[in-house]
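Structure first, then comments.
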Amino acid sequence: MSVKPLTVGAFLLAAGVALAGALPAKAADMADVRLLVSNCFNCHGTNGVSAGVIDGLDELSAPRMSKALKQFKSGEKAATIMNRIAKGYSDAEIDAIAKYIATANGN
Amino acid sequence: MFYISRRGFLQGTGAVSALTLAGCVTTQSKARVVVVGGGFGGATAAKYIKWFDPSVDVTLVEMKTQYTTCPFSNAYLGGLVKFDDITHGYGAMGKRGIKVVNDMVTGVDPVKKVVTTKGGQNLSYDRLIMSPGIDFRWETIEGYDEAAAELVPHAWKAGPQTAMLRKQLEAMEDGGLVVIASPPNPFRCPPGPYERASMIANYLKAHKPRSKVLVLDAKDKFSKQGLFMEGWKIHYGDMIEWVPAAKDGKVLGVDAKTRTVKTDFTEHKAAVANVIPAQKANMLAANAGLTDKSGWCPINLATFESKLHPGVHVIGDAAIASGMPKSGNAANTQAKVCAAVVTDLLAGRTPGLPKTTNTCYSLITGDHGISVTAVYELGADKYGGVKGSGGLTPANAGREFWKQESRNARGWYANIAEDIWG
């Protein structure tokens with residue numbers, strides 16, 4: 001598989017920009033954002049690069065990913081499982097996750 | 001607010017000593033982490049320590065050079081995938097800078113902080129992550145021990161046992177009785193025995209349609225029960241019968257030579273028997289003094305650090321991760337929490353409160369998948385689902401939905417295997 005190099009510096013920069021708002025303590029911490037994000041990878045592939053039939057996340061922009069996750073959360077967008085999962089995250093967490101994955105993949 | 005809550009968290013978890021330790025570690029060139037066990041928990045932990053902090057020196061100790069997974073071993077029994085598809089090596093670890101030691105662990109000294117191996121290696125660590133998996137409580141079923149398991153497989157540690165069970169199913173004549181003995185809680189993979197019944201029926205329906213699968217259970221209810229029973233009725237009719245403990249389902253004895261499975265009042269003569277005994281943490285954990293009287297490893301739920309030995313973290317099936325199931329996916333996500341915690345502690349940072357997940361697919365047929373999922377936050381004494389999130393595949397979801405879930409099950413396997421061993 002292709003793993004794009006993830007440099008800590010790039011993430012700190014991205015997170016600094018993304019997380020400067022009023023986020024809850026959990027998502028405001030860099031390591032915690034990475035922990036949230038790492039939980040996407042068991043189904044979507046490491047860094048969002050999918051080896052199977054499940055959609056990869058590596059070509060999505062942050063706004064598109066945020067929007068889709070919020071639509072899964074509200075039920076506006078149908079799904080077999082992402083609706084159940086998206087309901088577990090605050091909008092701020094969703095934005096942080098989307099920003100992180102998109103930035104890591106250069107989107 | 002933020003820092004006050006963090007300090008409260010620290011005091012609550014007893015991680016202060018760990019931070020003091022981390023202060024000493026910074027005088028070394030590189031912090032050293034040893035991971036014992038190369039399954040869903042351990043191999044993930046090794047990879048994600050490097051993902052969180054590439055500067056940490058990581059050594060993974062695993063006896064086997066090839067790891068066959070329990071997840072999708074039922075799909076192998078059902079004829080959906082090949083044995084090679086569920087077997088993975090450690091070739092990718094090297095390119096991430098992870099040292100792999102294919103050797104048997106003979107000792108863990110949590111005071112001197114050294115892991116010793118049969119091959120004579122002494123591996124010093126600053127933090128140890130144990131993901132040793134399970135062992136069986138052989139004493140709980142009369143006549144069933146390691147020797148008997150060579151005739152009547154448990155196939156609950158995947159590998160040669162899984163291949164043996166498949167060969168026995170292939171050799172069985174049409175019209176035979178397959179008996180599965182399902183264990184008491186807690187055990188590895190709560191929906192596993194019922195997915196196994198489904199997948200064996202999947203094979204039998206195609207090749208030996210007059211045969212039957214009898215599930216004898218030490219419990220009165222089981223994971224995803226409604227969804228399994230819904231699927232069994234649609235696809236297998238009377239081919240699968242489940243007997244709860246209350247109706248004489250609890251297996252008390254086995255005669256391996258005659259493949260006779262005994263309950264209180266009945267002796268079932270099986271053509272193929274699959275006996276899954278009660279379980280406990282792997283002996284590596286017990287020998288290291290990491291287990292309590294329950295046979296499992298008590299941990300600090302926020303850090304997965306052992307309550308019995310500081311500096312040692314336990315993840316996966318061996319750990320008492322209250323609120324989370326003993327599943328391969330949970331071992332993977334616990335490993336990520338643990339890797340984040342360990343890299344934080346080694347760098348002198350205070351770990352955050354974990355938020356994590358579990359997703360578990362089961363196959364009833366090749367085209368009928370079901371799932372349960374959870375997004376966990378840590379409560380006072382256990383992990384609990386975020387309100388309104390997670391849960392099961394809806395009842396009567398319909399064929400399109402089930403088909404999509406079966407596709408996602410395969411996609412999940414491909415990606416989690418890549419996430420761990422790729």
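Going by the structure tokens order, chains are called A, B, ..., each with residues numbered from 1, while ligands are numbered from 1 in the order shown.
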| request: Find the residues in chain B near chain A: any atom within 8 Å counts, using only C-alpha atoms. Write them as a ChimeraX atom specification. | output: /B:2,51-52,329,332-333,336-337,340,344,352-357,373-376,385-391,393,401,404-405,407-408,410-416,418-419,422
Writing out the chosen residues with C-alpha atoms as an mmCIF file, in the first residue's frame:
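Now in again.cif:
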```
data_model
loop_
_atom_site.group_PDB
_atom_site.id
_atom_site.type_symbol
_atom_site.label_atom_id
_atom_site.label_comp_id
_atom_site.auth_asym_id
_atom_site.auth_seq_id
_atom_site.Cartn_x
_atom_site.Cartn_y
_atom_site.Cartn_z
ATOM 1 C CA PHE B 2 -8.655 22.544 30.413
ATOM 2 C CA TRP B 51 2.742 6.712 13.502
ATOM 3 C CA PHE B 52 2.358 8.867 16.597
ATOM 4 C CA ASN B 329 -11.319 -4.486 15.981
ATOM 5 C CA ASN B 332 -6.875 -2.525 17.070
ATOM 6 C CA THR B 333 -8.533 0.585 18.483
ATOM 7 C CA LYS B 336 -4.238 3.100 19.023
ATOM 8 C CA VAL B 337 -5.306 4.540 22.381
ATOM 9 C CA ALA B 340 -1.109 7.574 21.833
ATOM 10 C CA ASP B 344 2.640 10.978 25.205
ATOM 11 C CA GLY B 352 -5.823 13.025 26.858
ATOM 12 C CA LEU B 353 -9.004 11.182 27.686
ATOM 13 C CA PRO B 354 -9.550 8.498 25.077
ATOM 14 C CA LYS B 355 -12.430 8.397 22.649
ATOM 15 C CA THR B 356 -12.504 5.251 20.573
ATOM 16 C CA THR B 357 -14.623 2.855 18.523
ATOM 17 C CA THR B 373 -20.722 -0.565 16.070
ATOM 18 C CA ALA B 374 -19.959 1.812 18.925
ATOM 19 C CA VAL B 375 -18.263 5.144 19.532
ATOM 20 C CA TYR B 376 -16.921 5.000 23.077
ATOM 21 C CA GLY B 385 -21.323 4.496 23.806
ATOM 22 C CA VAL B 386 -21.919 8.155 23.033
ATOM 23 C CA LYS B 387 -25.649 8.685 23.490
ATOM 24 C CA GLY B 388 -27.633 8.121 20.300
ATOM 25 C CA SER B 389 -24.722 6.602 18.396
ATOM 26 C CA GLY B 390 -23.721 3.082 17.440
ATOM 27 C CA GLY B 391 -25.873 -0.016 17.667
ATOM 28 C CA THR B 393 -28.006 -3.371 11.891
ATOM 29 C CA PHE B 401 -28.852 -3.596 3.022
ATOM 30 C CA GLN B 404 -24.001 -3.919 1.308
ATOM 31 C CA GLU B 405 -23.042 -4.989 4.824
ATOM 32 C CA ARG B 407 -19.470 -6.059 1.009
ATOM 33 C CA ASN B 408 -18.437 -3.761 3.818
ATOM 34 C CA ARG B 410 -14.967 -7.781 3.210
ATOM 35 C CA GLY B 411 -13.831 -4.174 2.803
ATOM 36 C CA TRP B 412 -13.348 -3.893 6.552
ATOM 37 C CA TYR B 413 -11.190 -7.016 6.573
ATOM 38 C CA ALA B 414 -9.039 -5.837 3.672
ATOM 39 C CA ASN B 415 -8.454 -2.474 5.299
ATOM 40 C CA ILE B 416 -7.951 -3.533 8.899
ATOM 41 C CA GLU B 418 -3.633 -3.513 5.843
ATOM 42 C CA ASP B 419 -3.926 -1.160 8.834
ATOM 43 C CA GLY B 422 0.433 -3.724 5.718
#
```
| query | Do you know which residues are at most 9 Å from Val314 of chain B counting only C-alpha atoms, after dropping those on the same chain fewer than 2 positions away, and could you put them as a PyMOL selection string? | reply | chain B and resi 128-132+285+290+297-299+304-306+312+316+318-320+338
Written file, previous selection with C-alpha atoms, as a JSON list (two decimals), in the first residue's frame:
```json
[["chain", "number", "residue", "atom", "x", "y", "z"],
["B", 128, "LEU", "CA", 6.03, -2.62, 27.57],
["B", 129, "ILE", "CA", 2.80, -3.30, 25.68],
["B", 130, "MET", "CA", 1.41, -6.80, 26.14],
["B", 131, "SER", "CA", -1.16, -8.09, 23.68],
["B", 132, "PRO", "CA", -0.88, -11.82, 24.30],
["B", 285, "ALA", "CA", 0.16, -12.42, 31.01],
["B", 290, "LEU", "CA", -0.54, -9.25, 35.16],
["B", 297, "CYS", "CA", -5.67, -8.38, 33.29],
["B", 298, "PRO", "CA", -6.96, -5.41, 35.30],
["B", 299, "ILE", "CA", -5.98, -2.12, 33.68],
["B", 304, "PHE", "CA", -4.39, 0.55, 29.43],
["B", 305, "GLU", "CA", -1.57, 0.46, 31.99],
["B", 306, "SER", "CA", -1.66, -2.60, 34.22],
["B", 312, "VAL", "CA", 3.33, -2.42, 31.47],
["B", 316, "GLY", "CA", -6.74, -6.76, 23.40],
["B", 318, "ALA", "CA", -6.35, -10.34, 27.65],
["B", 319, "ALA", "CA", -7.31, -6.97, 29.15],
["B", 320, "ILE", "CA", -10.37, -6.13, 31.24],
["B", 338, "CYS", "CA", -2.37, 2.79, 24.04]]
```
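Going from atom CA of Val56 of chain B over to atom CA of Val114 of chain B, you cover 17.0 Å.
Between atom CA of Ala158 of chain B and atom CA of Cys70 of chain B there is a distance of 5.1 Å.
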| What does the distance from atom CA of Thr266 of chain B to atom CA of Ile141 of chain B come to in Å, to one decimal? | 14.7 Å
| message | So that I can see what lies close to segment 232-244 of chain B, please list as a PyMOL selection string the residues with an atom at most 10 Å from it, counting only C-alpha atoms and leaving out residues fewer than 3 positions away in the same chain. | response | chain B and resi 177-182+194+197-198+200-202+204-205+209-222+226-229+247-250+364-365+368
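By only C-alpha atoms, and with residues fewer than 5 positions from segment 45-47 of chain B along its chain excluded, the set lying at most 7 Å from it is B:Val35, B:Val58, B:Leu60, B:Ala335, B:Lys336, B:Ala339.
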| request: Considering only C-alpha atoms, return as a ChimeraX atom specification whatever protein or nucleic-acid residues lie within 8 Å of His88 of chain B, sequence-local ones (same chain, fewer than 2 positions apart) excluded. | output: /B:66-68,84-86,90,417,421
| request: Do a neighbour search on Lys262 of chain B at 6 Å with only C-alpha atoms, toss out local chain neighbours closer than 4 positions, and write the hits as a PyMOL selection string. | output: chain B and resi 251-254+266-267
For C-alpha atoms, I'd like the residues from the last selection saved as a PDB file, in the first residue's frame.
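Written file, result.pdb:
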```pdb
ATOM      1  CA  VAL B 251     -21.377 -28.702  27.467  1.00  0.00           C
ATOM      2  CA  LEU B 252     -19.817 -30.473  30.436  1.00  0.00           C
ATOM      3  CA  GLY B 253     -17.785 -33.230  28.819  1.00  0.00           C
ATOM      4  CA  VAL B 254     -16.305 -34.479  25.562  1.00  0.00           C
ATOM      5  CA  THR B 266     -27.845 -35.626  26.681  1.00  0.00           C
ATOM      6  CA  GLU B 267     -24.983 -37.182  24.760  1.00  0.00           C
TER       7      GLU B 267
END
```
| segment 73-319 of chain B: which residues are strand (DSSP E) by DSSP, as JSON, numbers by chain? | {"B": [87, 88, 89, 99, 100, 101, 105, 106, 107, 108, 109, 114, 115, 116, 117, 122, 123, 124, 127, 128, 129, 130, 134, 135, 136, 177, 178, 179, 180, 181, 182, 212, 213, 214, 215, 216, 217, 240, 241, 242, 243, 253, 254, 255, 260, 261, 262, 267, 268, 269, 272, 273, 274, 275, 279, 280, 281, 312, 313, 314]}
| task | Would you mind listing what lies within 12 Å of segment 161-168 of chain B as a VMD selection string, with only C-alpha atoms counted and same-chain residues fewer than 4 positions away left out? | result | chain B and resid 68 to 79 82 to 84 86 to 87 146 148 to 157 172 to 173 176 to 180 196 199 to 200 203 to 204 259 270 to 276
Store the residues picked out above in a file with N, CA and C atoms, as a compact mmCIF listing (two decimals), in the first residue's frame.
```txt
# COMPACT_ATOMS: atom_id res chain seq x y z
N THR B 68 -2.35 -16.07 11.28
CA THR B 68 -3.67 -16.33 10.70
C THR B 68 -4.72 -15.73 11.62
N THR B 69 -5.62 -14.94 11.04
CA THR B 69 -6.56 -14.17 11.85
C THR B 69 -7.82 -14.97 12.20
N CYS B 70 -8.31 -14.76 13.40
CA CYS B 70 -9.63 -15.31 13.76
C CYS B 70 -10.72 -14.63 12.93
N PRO B 71 -10.73 -13.28 12.85
CA PRO B 71 -11.71 -12.67 11.94
C PRO B 71 -11.53 -13.21 10.51
N PHE B 72 -12.62 -13.56 9.92
CA PHE B 72 -12.70 -14.16 8.59
C PHE B 72 -12.24 -15.61 8.54
N SER B 73 -11.86 -16.20 9.69
CA SER B 73 -11.59 -17.65 9.67
C SER B 73 -12.90 -18.41 9.50
N ASN B 74 -14.01 -17.84 9.96
CA ASN B 74 -15.31 -18.47 9.70
C ASN B 74 -15.65 -18.40 8.21
N ALA B 75 -15.30 -17.30 7.57
CA ALA B 75 -15.54 -17.18 6.12
C ALA B 75 -14.72 -18.22 5.37
N TYR B 76 -13.53 -18.53 5.89
CA TYR B 76 -12.73 -19.61 5.31
C TYR B 76 -13.45 -20.96 5.48
N LEU B 77 -13.99 -21.19 6.67
CA LEU B 77 -14.73 -22.44 6.90
C LEU B 77 -15.94 -22.53 5.97
N GLY B 78 -16.54 -21.39 5.69
CA GLY B 78 -17.73 -21.35 4.83
C GLY B 78 -17.41 -21.38 3.35
N GLY B 79 -16.12 -21.37 3.01
CA GLY B 79 -15.71 -21.47 1.61
C GLY B 79 -15.68 -20.14 0.88
N LYS B 82 -9.83 -17.96 0.93
CA LYS B 82 -8.79 -18.98 1.05
C LYS B 82 -7.97 -18.77 2.33
N PHE B 83 -7.28 -19.83 2.71
CA PHE B 83 -6.47 -19.75 3.93
C PHE B 83 -5.41 -18.65 3.82
N ASP B 84 -4.82 -18.52 2.65
CA ASP B 84 -3.81 -17.47 2.45
C ASP B 84 -4.39 -16.07 2.65
N ILE B 86 -6.33 -15.08 4.85
CA ILE B 86 -6.46 -14.70 6.26
C ILE B 86 -5.14 -14.86 7.01
N THR B 87 -4.05 -14.96 6.25
CA THR B 87 -2.72 -15.15 6.85
C THR B 87 -1.80 -14.01 6.43
N GLU B 146 -5.60 -30.26 25.57
CA GLU B 146 -4.85 -29.96 24.35
C GLU B 146 -4.74 -31.17 23.43
N ALA B 148 -6.94 -33.65 23.25
CA ALA B 148 -8.28 -33.87 22.66
C ALA B 148 -8.55 -32.88 21.54
N ALA B 149 -7.97 -31.68 21.66
CA ALA B 149 -8.19 -30.64 20.64
C ALA B 149 -7.51 -31.00 19.32
N GLU B 150 -6.65 -32.02 19.34
CA GLU B 150 -6.07 -32.49 18.08
C GLU B 150 -7.04 -33.40 17.33
N LEU B 151 -8.08 -33.84 18.00
CA LEU B 151 -9.13 -34.64 17.36
C LEU B 151 -10.40 -33.81 17.16
N VAL B 152 -10.72 -33.04 18.18
CA VAL B 152 -11.91 -32.18 18.18
C VAL B 152 -11.43 -30.73 18.31
N PRO B 153 -11.32 -30.03 17.19
CA PRO B 153 -10.70 -28.70 17.25
C PRO B 153 -11.56 -27.66 17.97
N HIS B 154 -10.86 -26.70 18.61
CA HIS B 154 -11.55 -25.51 19.11
C HIS B 154 -11.59 -24.46 17.99
N ALA B 155 -10.48 -24.41 17.22
CA ALA B 155 -10.36 -23.42 16.14
C ALA B 155 -10.67 -22.02 16.63
N TRP B 156 -10.34 -21.74 17.90
CA TRP B 156 -10.57 -20.39 18.45
C TRP B 156 -9.27 -19.61 18.60
N LYS B 157 -8.16 -20.25 18.19
CA LYS B 157 -6.93 -19.54 17.86
C LYS B 157 -6.70 -20.00 16.43
N MET B 172 -16.67 -35.04 6.10
CA MET B 172 -17.94 -35.50 6.66
C MET B 172 -18.92 -35.91 5.56
N GLU B 173 -19.72 -36.94 5.85
CA GLU B 173 -20.73 -37.36 4.87
C GLU B 173 -21.98 -36.50 5.00
N GLY B 176 -24.62 -35.57 8.20
CA GLY B 176 -23.94 -35.59 9.49
C GLY B 176 -24.36 -34.45 10.41
N LEU B 177 -24.06 -34.64 11.69
CA LEU B 177 -24.36 -33.62 12.69
C LEU B 177 -23.07 -32.88 13.07
N VAL B 178 -23.09 -31.55 12.91
CA VAL B 178 -21.97 -30.72 13.37
C VAL B 178 -22.38 -30.07 14.68
N VAL B 179 -21.58 -30.31 15.73
CA VAL B 179 -21.88 -29.71 17.03
C VAL B 179 -20.87 -28.61 17.31
N ILE B 180 -21.38 -27.43 17.67
CA ILE B 180 -20.51 -26.34 18.12
C ILE B 180 -20.82 -26.08 19.58
N ARG B 196 -19.86 -18.61 13.05
CA ARG B 196 -19.31 -19.92 12.67
C ARG B 196 -20.42 -20.88 12.29
N MET B 199 -21.58 -19.87 8.86
CA MET B 199 -20.66 -20.17 7.77
C MET B 199 -20.52 -21.67 7.52
N ILE B 200 -20.59 -22.47 8.59
CA ILE B 200 -20.58 -23.92 8.39
C ILE B 200 -21.86 -24.33 7.65
N TYR B 203 -21.56 -23.65 3.98
CA TYR B 203 -20.84 -24.73 3.29
C TYR B 203 -21.73 -25.97 3.13
N LEU B 204 -22.40 -26.35 4.20
CA LEU B 204 -23.20 -27.57 4.17
C LEU B 204 -24.39 -27.44 3.21
N ARG B 259 -16.14 -38.47 19.30
CA ARG B 259 -16.77 -37.18 19.00
C ARG B 259 -18.15 -37.07 19.66
N ALA B 270 -21.52 -36.53 17.42
CA ALA B 270 -21.29 -35.61 16.30
C ALA B 270 -20.46 -36.26 15.20
N ALA B 271 -20.71 -35.86 13.96
CA ALA B 271 -19.82 -36.24 12.86
C ALA B 271 -18.59 -35.32 12.90
N VAL B 272 -18.86 -34.04 13.20
CA VAL B 272 -17.79 -33.07 13.42
C VAL B 272 -18.14 -32.27 14.67
N ALA B 273 -17.19 -32.19 15.59
CA ALA B 273 -17.43 -31.40 16.80
C ALA B 273 -16.41 -30.27 16.88
N ASN B 274 -16.90 -29.11 17.29
CA ASN B 274 -16.06 -27.92 17.45
C ASN B 274 -16.33 -27.39 18.85
N VAL B 275 -15.39 -27.65 19.74
CA VAL B 275 -15.60 -27.30 21.15
C VAL B 275 -14.78 -26.07 21.51
N ILE B 276 -15.48 -25.00 21.86
CA ILE B 276 -14.80 -23.74 22.22
C ILE B 276 -14.90 -23.59 23.74
```
